[in-house]
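Participant: Input structure01.tsv, format and content: TSV, C-alpha atoms.
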```tsv
chain	number	residue	atom	x	y	z
U	1	MET	CA	-25.05	44.97	-0.81
U	2	LYS	CA	-25.62	41.21	-0.68
U	3	SER	CA	-24.64	39.11	-3.70
U	4	ARG	CA	-28.19	37.93	-4.42
U	5	THR	CA	-29.54	41.48	-4.12
U	6	ILE	CA	-26.98	42.57	-6.71
U	7	GLY	CA	-28.11	39.68	-8.91
U	8	TYR	CA	-31.80	40.58	-8.66
U	9	THR	CA	-31.07	44.23	-9.42
U	10	ALA	CA	-28.77	43.42	-12.35
U	11	VAL	CA	-31.31	41.17	-14.10
U	12	MET	CA	-34.18	43.63	-13.63
U	13	ILE	CA	-32.14	46.53	-15.04
U	14	SER	CA	-31.03	44.25	-17.88
U	15	GLY	CA	-34.65	43.49	-18.75
U	16	MET	CA	-35.55	47.17	-18.75
U	17	ILE	CA	-32.62	48.01	-21.06
U	18	PHE	CA	-33.62	45.22	-23.45
U	19	GLY	CA	-37.16	46.58	-23.35
U	20	SER	CA	-35.97	49.98	-24.56
U	21	MET	CA	-34.37	48.52	-27.70
U	22	PRO	CA	-37.47	48.81	-29.95
U	23	LEU	CA	-37.44	52.60	-29.57
U	24	LEU	CA	-33.85	52.83	-30.81
U	25	ALA	CA	-34.29	50.08	-33.40
U	26	LYS	CA	-37.27	51.79	-35.04
U	27	PHE	CA	-35.20	54.93	-35.52
U	28	ILE	CA	-32.31	52.95	-37.02
U	29	PHE	CA	-34.66	51.17	-39.45
U	30	SER	CA	-35.94	54.55	-40.58
U	31	GLN	CA	-32.35	55.59	-41.33
U	32	GLY	CA	-31.59	52.71	-43.72
U	33	GLY	CA	-30.92	49.82	-41.34
U	34	ASN	CA	-32.57	46.41	-41.08
U	35	SER	CA	-33.00	43.92	-38.25
U	36	VAL	CA	-30.30	41.39	-39.19
U	37	ASN	CA	-27.76	44.10	-40.00
U	38	LEU	CA	-28.50	45.80	-36.69
U	39	VAL	CA	-27.89	42.61	-34.72
U	40	PHE	CA	-24.44	42.23	-36.34
U	41	TRP	CA	-23.43	45.84	-35.66
U	42	ARG	CA	-24.77	45.56	-32.11
U	43	PHE	CA	-22.29	42.80	-31.38
U	44	PHE	CA	-19.45	44.24	-33.49
U	45	PHE	CA	-19.28	47.79	-32.14
U	46	ALA	CA	-19.16	46.55	-28.55
U	47	LEU	CA	-15.97	44.54	-29.13
U	48	PRO	CA	-13.42	47.42	-29.05
U	49	VAL	CA	-14.97	48.84	-25.88
U	50	LEU	CA	-14.99	45.44	-24.18
U	51	PHE	CA	-11.40	44.82	-25.30
U	52	TYR	CA	-10.30	48.14	-23.83
U	53	LEU	CA	-12.09	47.57	-20.51
U	54	ILE	CA	-10.57	44.11	-20.13
U	55	HIS	CA	-7.11	45.35	-21.11
U	56	ARG	CA	-7.30	48.16	-18.54
U	57	ASN	CA	-8.53	45.86	-15.76
U	58	PRO	CA	-5.53	44.28	-14.00
U	59	GLY	CA	-7.71	41.51	-12.58
U	60	VAL	CA	-8.96	40.27	-15.96
U	61	ASP	CA	-7.15	38.68	-18.89
U	62	PHE	CA	-8.15	37.01	-22.15
U	63	LYS	CA	-7.01	33.50	-21.23
U	64	ILE	CA	-9.52	30.67	-21.46
U	65	THR	CA	-9.15	26.92	-21.18
U	66	LYS	CA	-9.88	24.46	-23.97
U	67	LEU	CA	-13.11	23.44	-22.22
U	68	GLN	CA	-14.19	27.07	-21.83
U	69	ARG	CA	-13.46	27.72	-25.51
U	70	LYS	CA	-15.64	24.77	-26.50
U	71	ASN	CA	-18.46	25.87	-24.21
U	72	LEU	CA	-18.26	29.46	-25.47
U	73	LEU	CA	-18.58	28.25	-29.07
U	74	TYR	CA	-21.62	26.14	-28.15
U	75	VAL	CA	-23.49	28.88	-26.33
U	76	GLY	CA	-22.27	31.68	-28.58
U	77	ILE	CA	-23.53	30.02	-31.78
U	78	PHE	CA	-26.50	27.90	-30.64
U	79	GLY	CA	-27.68	30.25	-27.89
U	80	TYR	CA	-26.53	33.85	-28.28
U	81	ALA	CA	-26.43	34.16	-32.10
U	82	ALA	CA	-29.16	31.60	-32.85
U	83	THR	CA	-31.66	33.49	-30.71
U	84	ALA	CA	-31.14	36.69	-32.69
U	85	MET	CA	-31.30	34.90	-36.04
U	86	THR	CA	-34.45	32.86	-35.35
U	87	LEU	CA	-36.31	35.77	-33.73
U	88	TYR	CA	-35.57	38.18	-36.58
U	89	ILE	CA	-36.40	35.54	-39.20
U	90	SER	CA	-39.81	35.16	-37.55
U	91	TYR	CA	-40.43	38.91	-38.00
U	92	ASN	CA	-40.57	38.32	-41.77
U	93	TYR	CA	-43.51	35.90	-41.40
U	94	ILE	CA	-45.52	37.01	-38.35
U	95	SER	CA	-46.06	40.26	-36.49
U	96	THR	CA	-43.48	41.39	-33.95
U	97	GLY	CA	-46.17	41.20	-31.24
U	98	VAL	CA	-46.83	37.52	-31.90
U	99	ALA	CA	-43.11	36.78	-32.22
U	100	THR	CA	-42.24	38.50	-28.94
U	101	THR	CA	-45.08	36.72	-27.14
U	102	LEU	CA	-43.92	33.31	-28.36
U	103	HIS	CA	-40.26	34.13	-27.63
U	104	PHE	CA	-41.10	34.69	-23.97
U	105	ILE	CA	-41.84	31.04	-23.38
U	106	TYR	CA	-38.19	30.87	-22.34
U	107	PRO	CA	-38.58	31.67	-18.61
U	108	ILE	CA	-40.77	28.61	-18.04
U	109	LEU	CA	-38.44	26.54	-20.28
U	110	VAL	CA	-35.48	27.59	-18.12
U	111	ILE	CA	-37.30	26.45	-14.98
U	112	LEU	CA	-38.34	23.11	-16.49
U	113	GLY	CA	-34.94	22.56	-18.14
U	114	SER	CA	-33.01	23.10	-14.94
U	115	ALA	CA	-35.28	20.63	-13.13
U	116	VAL	CA	-35.26	17.94	-15.86
U	117	PHE	CA	-31.68	18.11	-17.17
U	118	TYR	CA	-29.82	19.25	-14.07
U	119	ARG	CA	-32.02	17.87	-11.26
U	120	ASP	CA	-32.35	21.32	-9.72
U	121	ARG	CA	-34.98	21.54	-7.02
U	122	LEU	CA	-38.12	23.20	-8.37
U	123	THR	CA	-39.62	25.21	-5.52
U	124	PHE	CA	-43.30	26.09	-5.48
U	125	ILE	CA	-42.47	29.82	-5.48
U	126	LYS	CA	-40.38	29.55	-8.65
U	127	PHE	CA	-42.88	27.32	-10.44
U	128	PHE	CA	-45.82	29.56	-9.54
U	129	ALA	CA	-43.88	32.71	-10.49
U	130	GLY	CA	-42.90	31.11	-13.81
U	131	VAL	CA	-46.51	30.24	-14.65
U	132	LEU	CA	-47.69	33.69	-13.55
U	133	SER	CA	-45.11	35.50	-15.70
U	134	THR	CA	-45.92	33.31	-18.73
U	135	LEU	CA	-49.64	34.05	-18.41
U	136	GLY	CA	-48.80	37.72	-18.04
U	137	ILE	CA	-46.76	37.70	-21.26
U	138	PHE	CA	-49.64	36.24	-23.25
U	139	LEU	CA	-52.03	38.81	-21.79
U	140	LEU	CA	-49.74	41.61	-22.99
U	141	TYR	CA	-50.39	40.62	-26.59
U	142	ASN	CA	-53.76	41.98	-27.66
U	143	GLY	CA	-54.22	40.32	-31.03
U	144	GLU	CA	-54.83	36.93	-32.59
U	145	LEU	CA	-52.07	34.35	-32.29
U	146	SER	CA	-52.05	33.61	-36.00
U	147	GLY	CA	-49.76	33.78	-39.00
U	148	SER	CA	-47.31	31.62	-40.91
U	149	LEU	CA	-46.59	28.29	-39.25
U	150	PHE	CA	-42.92	28.69	-40.16
U	151	GLY	CA	-42.83	32.12	-38.50
U	152	ILE	CA	-44.52	30.75	-35.38
U	153	PHE	CA	-42.02	27.88	-35.29
U	154	MET	CA	-39.03	30.24	-35.58
U	155	ALA	CA	-40.34	32.48	-32.80
U	156	LEU	CA	-40.84	29.47	-30.52
U	157	LEU	CA	-37.37	28.23	-31.47
U	158	SER	CA	-35.91	31.59	-30.43
U	159	GLY	CA	-37.40	31.00	-26.97
U	160	VAL	CA	-35.81	27.55	-26.85
U	161	THR	CA	-32.36	28.83	-27.90
U	162	TYR	CA	-32.49	31.67	-25.39
U	163	ALA	CA	-33.48	29.26	-22.62
U	164	PHE	CA	-30.48	27.17	-23.65
U	165	TYR	CA	-28.27	30.28	-23.43
U	166	VAL	CA	-29.43	31.18	-19.90
U	167	LEU	CA	-29.17	27.58	-18.67
U	168	TYR	CA	-25.82	26.83	-20.29
U	169	ILE	CA	-24.15	29.95	-18.90
U	170	ASP	CA	-25.35	28.90	-15.45
U	171	LYS	CA	-24.49	25.22	-15.63
U	172	SER	CA	-21.43	24.87	-17.89
U	173	GLY	CA	-19.01	26.70	-15.60
U	174	LEU	CA	-18.86	29.80	-17.84
U	175	LYS	CA	-20.37	31.95	-15.11
U	176	ALA	CA	-17.03	31.63	-13.28
U	177	LEU	CA	-15.54	33.90	-15.96
U	178	HIS	CA	-15.48	37.62	-15.32
U	179	SER	CA	-18.64	39.11	-16.84
U	180	LEU	CA	-16.65	41.41	-19.17
U	181	LYS	CA	-14.60	38.50	-20.52
U	182	LEU	CA	-17.71	36.37	-20.97
U	183	THR	CA	-19.55	39.17	-22.80
U	184	PHE	CA	-16.51	39.85	-25.01
U	185	TYR	CA	-16.19	36.27	-26.26
U	186	LEU	CA	-19.95	35.86	-26.73
U	187	SER	CA	-20.08	39.10	-28.74
U	188	LEU	CA	-17.08	38.03	-30.83
U	189	ILE	CA	-18.61	34.66	-31.71
U	190	ALA	CA	-22.05	36.14	-32.34
U	191	SER	CA	-20.73	38.98	-34.52
U	192	VAL	CA	-18.87	36.55	-36.79
U	193	SER	CA	-21.96	34.31	-37.03
U	194	MET	CA	-24.28	37.24	-37.78
U	195	PHE	CA	-21.87	38.72	-40.34
U	196	PHE	CA	-22.03	35.59	-42.51
U	197	PHE	CA	-25.77	35.29	-41.91
U	198	ALA	CA	-26.29	38.89	-43.08
U	199	LEU	CA	-24.13	38.27	-46.16
U	200	PHE	CA	-25.91	35.06	-47.15
U	201	THR	CA	-29.36	36.63	-46.73
U	202	GLY	CA	-28.37	39.81	-48.60
U	203	GLN	CA	-29.15	42.03	-45.62
U	204	PHE	CA	-25.67	43.38	-44.94
U	205	THR	CA	-25.56	47.11	-45.65
U	206	LEU	CA	-23.41	50.15	-44.98
U	207	HIS	CA	-26.03	52.57	-46.28
U	208	LEU	CA	-27.14	54.25	-43.07
U	209	THR	CA	-27.39	57.94	-42.41
U	210	LEU	CA	-24.96	59.61	-40.01
U	211	SER	CA	-27.70	59.70	-37.37
U	212	GLY	CA	-28.41	56.01	-38.01
U	213	TRP	CA	-24.76	55.09	-37.43
U	214	ALA	CA	-24.58	57.19	-34.25
U	215	VAL	CA	-27.66	55.54	-32.72
U	216	THR	CA	-26.42	52.09	-33.81
U	217	VAL	CA	-23.13	52.60	-31.94
U	218	PHE	CA	-25.00	53.89	-28.89
U	219	LEU	CA	-27.41	50.93	-28.94
U	220	SER	CA	-24.50	48.49	-29.27
U	221	ILE	CA	-22.67	49.80	-26.23
U	222	PHE	CA	-25.86	50.47	-24.25
U	223	VAL	CA	-27.24	46.95	-24.78
U	224	THR	CA	-24.05	44.87	-24.75
U	225	LEU	CA	-22.29	46.57	-21.84
U	226	GLY	CA	-25.57	47.20	-20.06
U	227	ALA	CA	-28.21	44.54	-20.70
U	228	VAL	CA	-26.07	41.54	-21.70
U	229	ASN	CA	-23.34	42.17	-19.15
U	230	LEU	CA	-25.86	42.72	-16.35
U	231	LEU	CA	-27.75	39.55	-17.30
U	232	ASN	CA	-24.50	37.57	-17.04
U	233	VAL	CA	-23.84	39.18	-13.63
U	234	GLY	CA	-27.32	38.16	-12.52
U	235	ILE	CA	-26.95	34.56	-13.69
U	236	GLN	CA	-23.69	34.34	-11.73
U	237	ARG	CA	-25.41	35.40	-8.50
U	238	ILE	CA	-28.99	34.12	-8.56
U	239	GLY	CA	-28.91	31.29	-11.12
U	240	SER	CA	-30.84	30.64	-14.31
U	241	GLN	CA	-34.36	30.07	-12.92
U	242	SER	CA	-34.74	33.39	-11.12
U	243	SER	CA	-32.94	35.25	-13.92
U	244	GLY	CA	-35.39	33.91	-16.50
U	245	ILE	CA	-38.42	35.06	-14.49
U	246	LEU	CA	-37.06	38.53	-13.62
U	247	SER	CA	-36.13	39.22	-17.25
U	248	THR	CA	-39.85	39.35	-18.12
U	249	LEU	CA	-39.67	43.01	-17.10
U	250	GLU	CA	-38.47	43.55	-20.67
U	251	PRO	CA	-41.93	43.57	-22.35
U	252	ILE	CA	-43.36	45.78	-19.60
U	253	THR	CA	-40.68	48.37	-20.38
U	254	SER	CA	-41.53	48.11	-24.08
U	255	ILE	CA	-45.22	48.71	-23.31
U	256	ILE	CA	-44.47	51.76	-21.15
U	257	ILE	CA	-42.31	53.23	-23.93
U	258	GLY	CA	-45.01	52.40	-26.48
U	259	VAL	CA	-47.65	54.24	-24.46
U	260	LEU	CA	-45.48	57.27	-23.65
U	261	VAL	CA	-43.66	57.65	-26.98
U	262	PHE	CA	-45.85	56.02	-29.63
U	263	ASN	CA	-49.29	56.70	-28.04
U	264	GLU	CA	-50.17	53.00	-28.03
U	265	ILE	CA	-53.39	51.91	-26.31
U	266	LEU	CA	-53.24	50.57	-22.74
U	267	ASN	CA	-56.23	48.28	-22.11
U	268	LEU	CA	-57.42	46.00	-19.30
U	269	PRO	CA	-55.75	42.72	-20.49
U	270	ILE	CA	-52.41	44.54	-20.80
U	271	ILE	CA	-52.79	46.00	-17.30
U	272	ILE	CA	-53.63	42.56	-15.87
U	273	GLY	CA	-50.65	41.06	-17.72
U	274	CYS	CA	-48.33	43.68	-16.21
U	275	VAL	CA	-49.73	42.95	-12.75
U	276	PHE	CA	-49.09	39.21	-13.24
U	277	ILE	CA	-45.49	39.81	-14.31
U	278	LEU	CA	-44.77	42.27	-11.52
U	279	SER	CA	-46.30	39.82	-9.02
U	280	ALA	CA	-43.96	37.11	-10.29
U	281	VAL	CA	-40.99	39.45	-9.86
U	282	ILE	CA	-42.04	40.32	-6.30
U	283	LEU	CA	-42.46	36.63	-5.44
U	284	ILE	CA	-38.92	35.86	-6.61
U	285	VAL	CA	-37.23	38.84	-4.98
U	286	ARG	CA	-39.18	38.76	-1.72
U	287	TYR	CA	-39.91	35.11	-1.00
U	288	ASP	CA	-37.47	32.94	-2.94
U	289	ARG	CA	-34.80	31.96	-0.46
U	290	GLU	CA	-33.49	28.90	-2.25
U	291	GLY	CA	-30.92	28.78	-4.99
U	292	LEU	CA	-27.21	29.27	-5.29
U	293	PRO	CA	-25.25	29.87	-2.13
U	294	VAL	CA	-24.38	33.48	-1.48
U	295	ARG	CA	-20.77	33.93	-2.47
U	296	LYS	CA	-18.59	36.26	-4.42
U	297	PRO	CA	-17.82	35.43	-8.07
U	298	ALA	CA	-14.72	33.30	-8.50
U	299	PRO	CA	-11.47	35.17	-9.34
U	300	ASP	CA	-11.06	35.57	-13.08
U	301	ARG	CA	-8.15	33.30	-13.82
U	302	VAL	CA	-7.61	30.00	-15.55
U	303	THR	CA	-7.17	27.27	-12.97
U	304	GLU	CA	-6.80	23.55	-12.93
U	305	PRO	CA	-9.01	21.34	-10.75
U	306	VAL	CA	-7.89	21.56	-7.13
U	307	THR	CA	-8.00	18.64	-4.73
U	308	MET	CA	-9.90	19.40	-1.56
U	309	SER	CA	-7.72	19.73	1.51
U	310	SER	CA	-8.80	18.77	4.98
U	311	THR	CA	-9.50	22.42	5.77
U	312	GLU	CA	-11.82	22.95	2.80
U	313	PRO	CA	-15.54	22.19	2.80
U	314	THR	CA	-16.36	18.79	1.41
U	315	ALA	CA	-19.88	19.60	0.23
U	316	LYS	CA	-20.40	19.82	-3.51
U	317	PRO	CA	-21.33	23.32	-4.69
U	318	ALA	CA	-25.05	23.64	-5.31
U	319	SER	CA	-24.44	25.11	-8.77
U	320	GLU	CA	-22.51	22.11	-10.11
U	321	PRO	CA	-24.55	20.45	-12.88
U	322	VAL	CA	-25.55	16.83	-12.79
U	323	GLY	CA	-25.04	16.57	-16.52
U	324	LYS	CA	-23.91	18.62	-19.49
U	325	LEU	CA	-25.70	19.91	-22.54
U	326	GLU	CA	-23.08	19.11	-25.14
```
Could you take the file, read its structure, and then write that structure out as structure tokens?

Facilitator:
Amino acid sequence: MKSRTIGYTAVMISGMIFGSMPLLAKFIFSQGGNSVNLVFWRFFFALPVLFYLIHRNPGVDFKITKLQRKNLLYVGIFGYAATAMTLYISYNYISTGVATTLHFIYPILVILGSAVFYRDRLTFIKFFAGVLSTLGIFLLYNGELSGSLFGIFMALLSGVTYAFYVLYIDKSGLKALHSLKLTFYLSLIASVSMFFFALFTGQFTLHLTLSGWAVTVFLSIFVTLGAVNLLNVGIQRIGSQSSGILSTLEPITSIIIGVLVFNEILNLPIIIGCVFILSAVILIVRYDREGLPVRKPAPDRVTEPVTMSSTEPTAKPASEPVGKLE
């Protein structure tokens, strides 16, 4: 299977896994959990499994350079953890429907950010697909876009921080890390951040039922090893722009689960919104032929800069950023 095909598939499956989270989260909340506490445990319980998988993989180690450590701290705190914190804070002030709608401004922000900050070429297909998916997201929400201004601001901020996460993984060089190693360090940083956040906000709790703990562990491994790891794989192979657009399959999955499990109403605007999003996905997968060169991920080892020899290509890799977000 071609590298870009693997990337497309990985991001789409990632979005569908993320979209199934509300079903599991609602059950956990009914068993004594809360949103902030769940985010911490989601990161925390995945760490031993990731550690074991890396330890058992002879081609992967835990070594990182000083630059990689700095970049991981940046994206882990201001992207990975900040997205969870701002999104769940917004749930306290506005409905989850409004918050999710505003959060999904991030695909178009990824496209614009890569063009403005990194001088990436913005193709018509990607721009049109980004606009189409954004319109589709807003059509999925069937209520009034109202509520606390602070809640609206936090939901929008969660979209900004997640766009930063997707872009920074793509452009900082972190995508050269093995996806398991990258997911491990991001989960470690985010779990520490969310632990202190849960303590300071008084939302840390151990009072879950046995069923609640079991589903929490399952969700942690299912989402972190599945959704997060697959998203990182996708970013490595197809870049940030296409990954941002394809990840909009997440709300469609949530709607399907809502209709099948919770008997939620499926009306015309929602159907049109789903058609818009699916059209954007088809445009990217079928017609987007520009982006990162097709190549296998770099070996997972710490290396120093290598001087080009006369037998090596002299062209600069297309994925090298023009600047850095530091």

Participant: Could you check the closest approach to Phe44 (chain U) for each of U:Leu186, U:Thr65, U:Leu149, U:Gly79 and tell me which residue wins, using only C-alpha atoms?

Facilitator: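 Among the listed residues, the smallest separation from Phe44 (chain U) belongs to U:Leu186.
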
Participant: Would you mind listing what lies within 9 Å of Asn37 (chain U) as a list in words, with all atoms listed in the file counted and same-chain residues fewer than 2 positions away left out?

Facilitator: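 After dropping sequence-adjacent residues, the list is Gly33, Asn34, Ser35, Val39, Phe40, Trp41, Arg42, Met194, Phe195, Ala198, Gln203, Phe204, Thr205 and Leu206 of chain U.
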
Participant: Using all atoms listed in the file, pick whichever of U:Gly202, U:Gly234, U:Gly239, U:Gly130 has the shortest atom-to-atom distance to Lys171 (chain U).

Facilitator: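 Looking at the shortest contact to Lys171 (chain U), the residue is U:Gly239.
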
Participant: Counting only C-alpha atoms, write as an NGL selection string all protein and nucleic acid residues lying at most 12 Å from (-33.7, 20.5, -17.9) in the file's frame.

Facilitator: :U and (108-122 or 160 or 163-164 or 166-168 or 171 or 240-241 or 321-325)

Participant: Save the residues we just selected, C-alpha atoms, as a PDB file, in the coordinates of the input?

Facilitator:
```pdb
ATOM      1  CA  ILE U 108     -40.770  28.610 -18.040  1.00  0.00           C
ATOM      2  CA  LEU U 109     -38.440  26.540 -20.280  1.00  0.00           C
ATOM      3  CA  VAL U 110     -35.480  27.590 -18.120  1.00  0.00           C
ATOM      4  CA  ILE U 111     -37.300  26.450 -14.980  1.00  0.00           C
ATOM      5  CA  LEU U 112     -38.340  23.110 -16.490  1.00  0.00           C
ATOM      6  CA  GLY U 113     -34.940  22.560 -18.140  1.00  0.00           C
ATOM      7  CA  SER U 114     -33.010  23.100 -14.940  1.00  0.00           C
ATOM      8  CA  ALA U 115     -35.280  20.630 -13.130  1.00  0.00           C
ATOM      9  CA  VAL U 116     -35.260  17.940 -15.860  1.00  0.00           C
ATOM     10  CA  PHE U 117     -31.680  18.110 -17.170  1.00  0.00           C
ATOM     11  CA  TYR U 118     -29.820  19.250 -14.070  1.00  0.00           C
ATOM     12  CA  ARG U 119     -32.020  17.870 -11.260  1.00  0.00           C
ATOM     13  CA  ASP U 120     -32.350  21.320  -9.720  1.00  0.00           C
ATOM     14  CA  ARG U 121     -34.980  21.540  -7.020  1.00  0.00           C
ATOM     15  CA  LEU U 122     -38.120  23.200  -8.370  1.00  0.00           C
ATOM     16  CA  VAL U 160     -35.810  27.550 -26.850  1.00  0.00           C
ATOM     17  CA  ALA U 163     -33.480  29.260 -22.620  1.00  0.00           C
ATOM     18  CA  PHE U 164     -30.480  27.170 -23.650  1.00  0.00           C
ATOM     19  CA  VAL U 166     -29.430  31.180 -19.900  1.00  0.00           C
ATOM     20  CA  LEU U 167     -29.170  27.580 -18.670  1.00  0.00           C
ATOM     21  CA  TYR U 168     -25.820  26.830 -20.290  1.00  0.00           C
ATOM     22  CA  LYS U 171     -24.490  25.220 -15.630  1.00  0.00           C
ATOM     23  CA  SER U 240     -30.840  30.640 -14.310  1.00  0.00           C
ATOM     24  CA  GLN U 241     -34.360  30.070 -12.920  1.00  0.00           C
ATOM     25  CA  PRO U 321     -24.550  20.450 -12.880  1.00  0.00           C
ATOM     26  CA  VAL U 322     -25.550  16.830 -12.790  1.00  0.00           C
ATOM     27  CA  GLY U 323     -25.040  16.570 -16.520  1.00  0.00           C
ATOM     28  CA  LYS U 324     -23.910  18.620 -19.490  1.00  0.00           C
ATOM     29  CA  LEU U 325     -25.700  19.910 -22.540  1.00  0.00           C
TER      30      LEU U 325
END
```

Participant: So how many Å separate CA of Ile282 (chain U) and CA of Phe124 (chain U), to one decimal?

Facilitator: 14.3 Å

Participant: One decimal, Å: what's the distance from CA of Ile255 (chain U) over to CA of Phe138 (chain U), could you say?

Facilitator: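 Interatomic distance here is 13.2 Å.
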
Participant: Around (-51.8, 35.9, -15.2) in the file's own coordinates, what residues are found within 8 Å if you use only C-alpha atoms, given back as a PyMOL selection string?

Facilitator: chain U and resi 131-136+139+272-273+275-277

Participant: Pull C-alpha atoms from the residues just selected and write them as a tab-separated table (two decimals), in the frame of the given file.

Facilitator:
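Generated file (result15.tsv):
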```tsv
chain	number	residue	atom	x	y	z
U	131	VAL	CA	-46.51	30.24	-14.65
U	132	LEU	CA	-47.69	33.69	-13.55
U	133	SER	CA	-45.11	35.50	-15.70
U	134	THR	CA	-45.92	33.31	-18.73
U	135	LEU	CA	-49.64	34.05	-18.41
U	136	GLY	CA	-48.80	37.72	-18.04
U	139	LEU	CA	-52.03	38.81	-21.79
U	272	ILE	CA	-53.63	42.56	-15.87
U	273	GLY	CA	-50.65	41.06	-17.72
U	275	VAL	CA	-49.73	42.95	-12.75
U	276	PHE	CA	-49.09	39.21	-13.24
U	277	ILE	CA	-45.49	39.81	-14.31
```

Participant: Find the spatial neighbours of Leu249 (chain U), counting all atoms listed in the file, within a cut-off of 9 Å - ignore same-chain residues fewer than 2 positions away - and output them as an MDAnalysis selection string.

Facilitator: chainID U and resid 12:16 19 245:247 251:254 274 277:278 281

Participant: What's the separation between CA of Gly159 (chain U) and CA of Leu87 (chain U), in Å to one decimal place?

Facilitator: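 About the pair CA of Gly159 (chain U) and CA of Leu87 (chain U): they are 8.3 Å apart.
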
Participant: Within 12 Å of Leu231 (chain U), counting all atoms listed in the file, which residues show up once you throw out same-chain ones fewer than 2 positions away? Write them as a PDB file with C-alpha atoms, in the coordinates of the input, please.

Facilitator:
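Output file selection_0.pdb follows:
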```pdb
ATOM      1  CA  ILE U   6     -26.980  42.570  -6.710  1.00  0.00           C
ATOM      2  CA  GLY U   7     -28.110  39.680  -8.910  1.00  0.00           C
ATOM      3  CA  TYR U   8     -31.800  40.580  -8.660  1.00  0.00           C
ATOM      4  CA  THR U   9     -31.070  44.230  -9.420  1.00  0.00           C
ATOM      5  CA  ALA U  10     -28.770  43.420 -12.350  1.00  0.00           C
ATOM      6  CA  VAL U  11     -31.310  41.170 -14.100  1.00  0.00           C
ATOM      7  CA  MET U  12     -34.180  43.630 -13.630  1.00  0.00           C
ATOM      8  CA  ILE U  13     -32.140  46.530 -15.040  1.00  0.00           C
ATOM      9  CA  SER U  14     -31.030  44.250 -17.880  1.00  0.00           C
ATOM     10  CA  GLY U  15     -34.650  43.490 -18.750  1.00  0.00           C
ATOM     11  CA  MET U  16     -35.550  47.170 -18.750  1.00  0.00           C
ATOM     12  CA  ILE U  17     -32.620  48.010 -21.060  1.00  0.00           C
ATOM     13  CA  PHE U  18     -33.620  45.220 -23.450  1.00  0.00           C
ATOM     14  CA  TYR U 165     -28.270  30.280 -23.430  1.00  0.00           C
ATOM     15  CA  VAL U 166     -29.430  31.180 -19.900  1.00  0.00           C
ATOM     16  CA  ILE U 169     -24.150  29.950 -18.900  1.00  0.00           C
ATOM     17  CA  ASP U 170     -25.350  28.900 -15.450  1.00  0.00           C
ATOM     18  CA  LYS U 175     -20.370  31.950 -15.110  1.00  0.00           C
ATOM     19  CA  SER U 179     -18.640  39.110 -16.840  1.00  0.00           C
ATOM     20  CA  LEU U 180     -16.650  41.410 -19.170  1.00  0.00           C
ATOM     21  CA  LEU U 182     -17.710  36.370 -20.970  1.00  0.00           C
ATOM     22  CA  THR U 183     -19.550  39.170 -22.800  1.00  0.00           C
ATOM     23  CA  VAL U 223     -27.240  46.950 -24.780  1.00  0.00           C
ATOM     24  CA  THR U 224     -24.050  44.870 -24.750  1.00  0.00           C
ATOM     25  CA  LEU U 225     -22.290  46.570 -21.840  1.00  0.00           C
ATOM     26  CA  GLY U 226     -25.570  47.200 -20.060  1.00  0.00           C
ATOM     27  CA  ALA U 227     -28.210  44.540 -20.700  1.00  0.00           C
ATOM     28  CA  VAL U 228     -26.070  41.540 -21.700  1.00  0.00           C
ATOM     29  CA  ASN U 229     -23.340  42.170 -19.150  1.00  0.00           C
ATOM     30  CA  VAL U 233     -23.840  39.180 -13.630  1.00  0.00           C
ATOM     31  CA  GLY U 234     -27.320  38.160 -12.520  1.00  0.00           C
ATOM     32  CA  ILE U 235     -26.950  34.560 -13.690  1.00  0.00           C
ATOM     33  CA  GLN U 236     -23.690  34.340 -11.730  1.00  0.00           C
ATOM     34  CA  ARG U 237     -25.410  35.400  -8.500  1.00  0.00           C
ATOM     35  CA  ILE U 238     -28.990  34.120  -8.560  1.00  0.00           C
ATOM     36  CA  GLY U 239     -28.910  31.290 -11.120  1.00  0.00           C
ATOM     37  CA  SER U 240     -30.840  30.640 -14.310  1.00  0.00           C
ATOM     38  CA  SER U 242     -34.740  33.390 -11.120  1.00  0.00           C
ATOM     39  CA  SER U 243     -32.940  35.250 -13.920  1.00  0.00           C
ATOM     40  CA  GLY U 244     -35.390  33.910 -16.500  1.00  0.00           C
ATOM     41  CA  ILE U 245     -38.420  35.060 -14.490  1.00  0.00           C
ATOM     42  CA  LEU U 246     -37.060  38.530 -13.620  1.00  0.00           C
ATOM     43  CA  SER U 247     -36.130  39.220 -17.250  1.00  0.00           C
ATOM     44  CA  GLU U 250     -38.470  43.550 -20.670  1.00  0.00           C
TER      45      GLU U 250
END
```

Participant: When you look at Leu219 (chain U) with a cut-off of 8 Å (counting only C-alpha atoms), what residues show up, excluding the ones that are within fewer than 2 positions of it in the same chain? I need them as a ChimeraX atom specification.

Facilitator: /U:21,24,42,215-217,221-223

Participant: Choose the residue, out of U:Ser20, U:Thr248, U:Thr123, U:Ser187, that has the smallest atom-to-atom separation from Leu73 (chain U); count only C-alpha atoms.

Facilitator: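 Of the candidates, the smallest distance to Leu73 (chain U) is held by U:Ser187.
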
Participant: Please provide the set of residues having any atom within 10 Å of Ser30 (chain U), restricted to only C-alpha atoms, with same-chain residues fewer than 4 positions apart removed, written as a ChimeraX atom specification.

Facilitator: /U:25-26,34,208-209,212

Participant: My list of candidates is U:Phe27, U:Phe150, U:Tyr80, U:Tyr52. Which is closest to Leu188 (chain U) when distances are computed with all atoms listed in the file?

Facilitator: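 The shortest atom-to-atom distance to Leu188 (chain U) comes from U:Tyr80.
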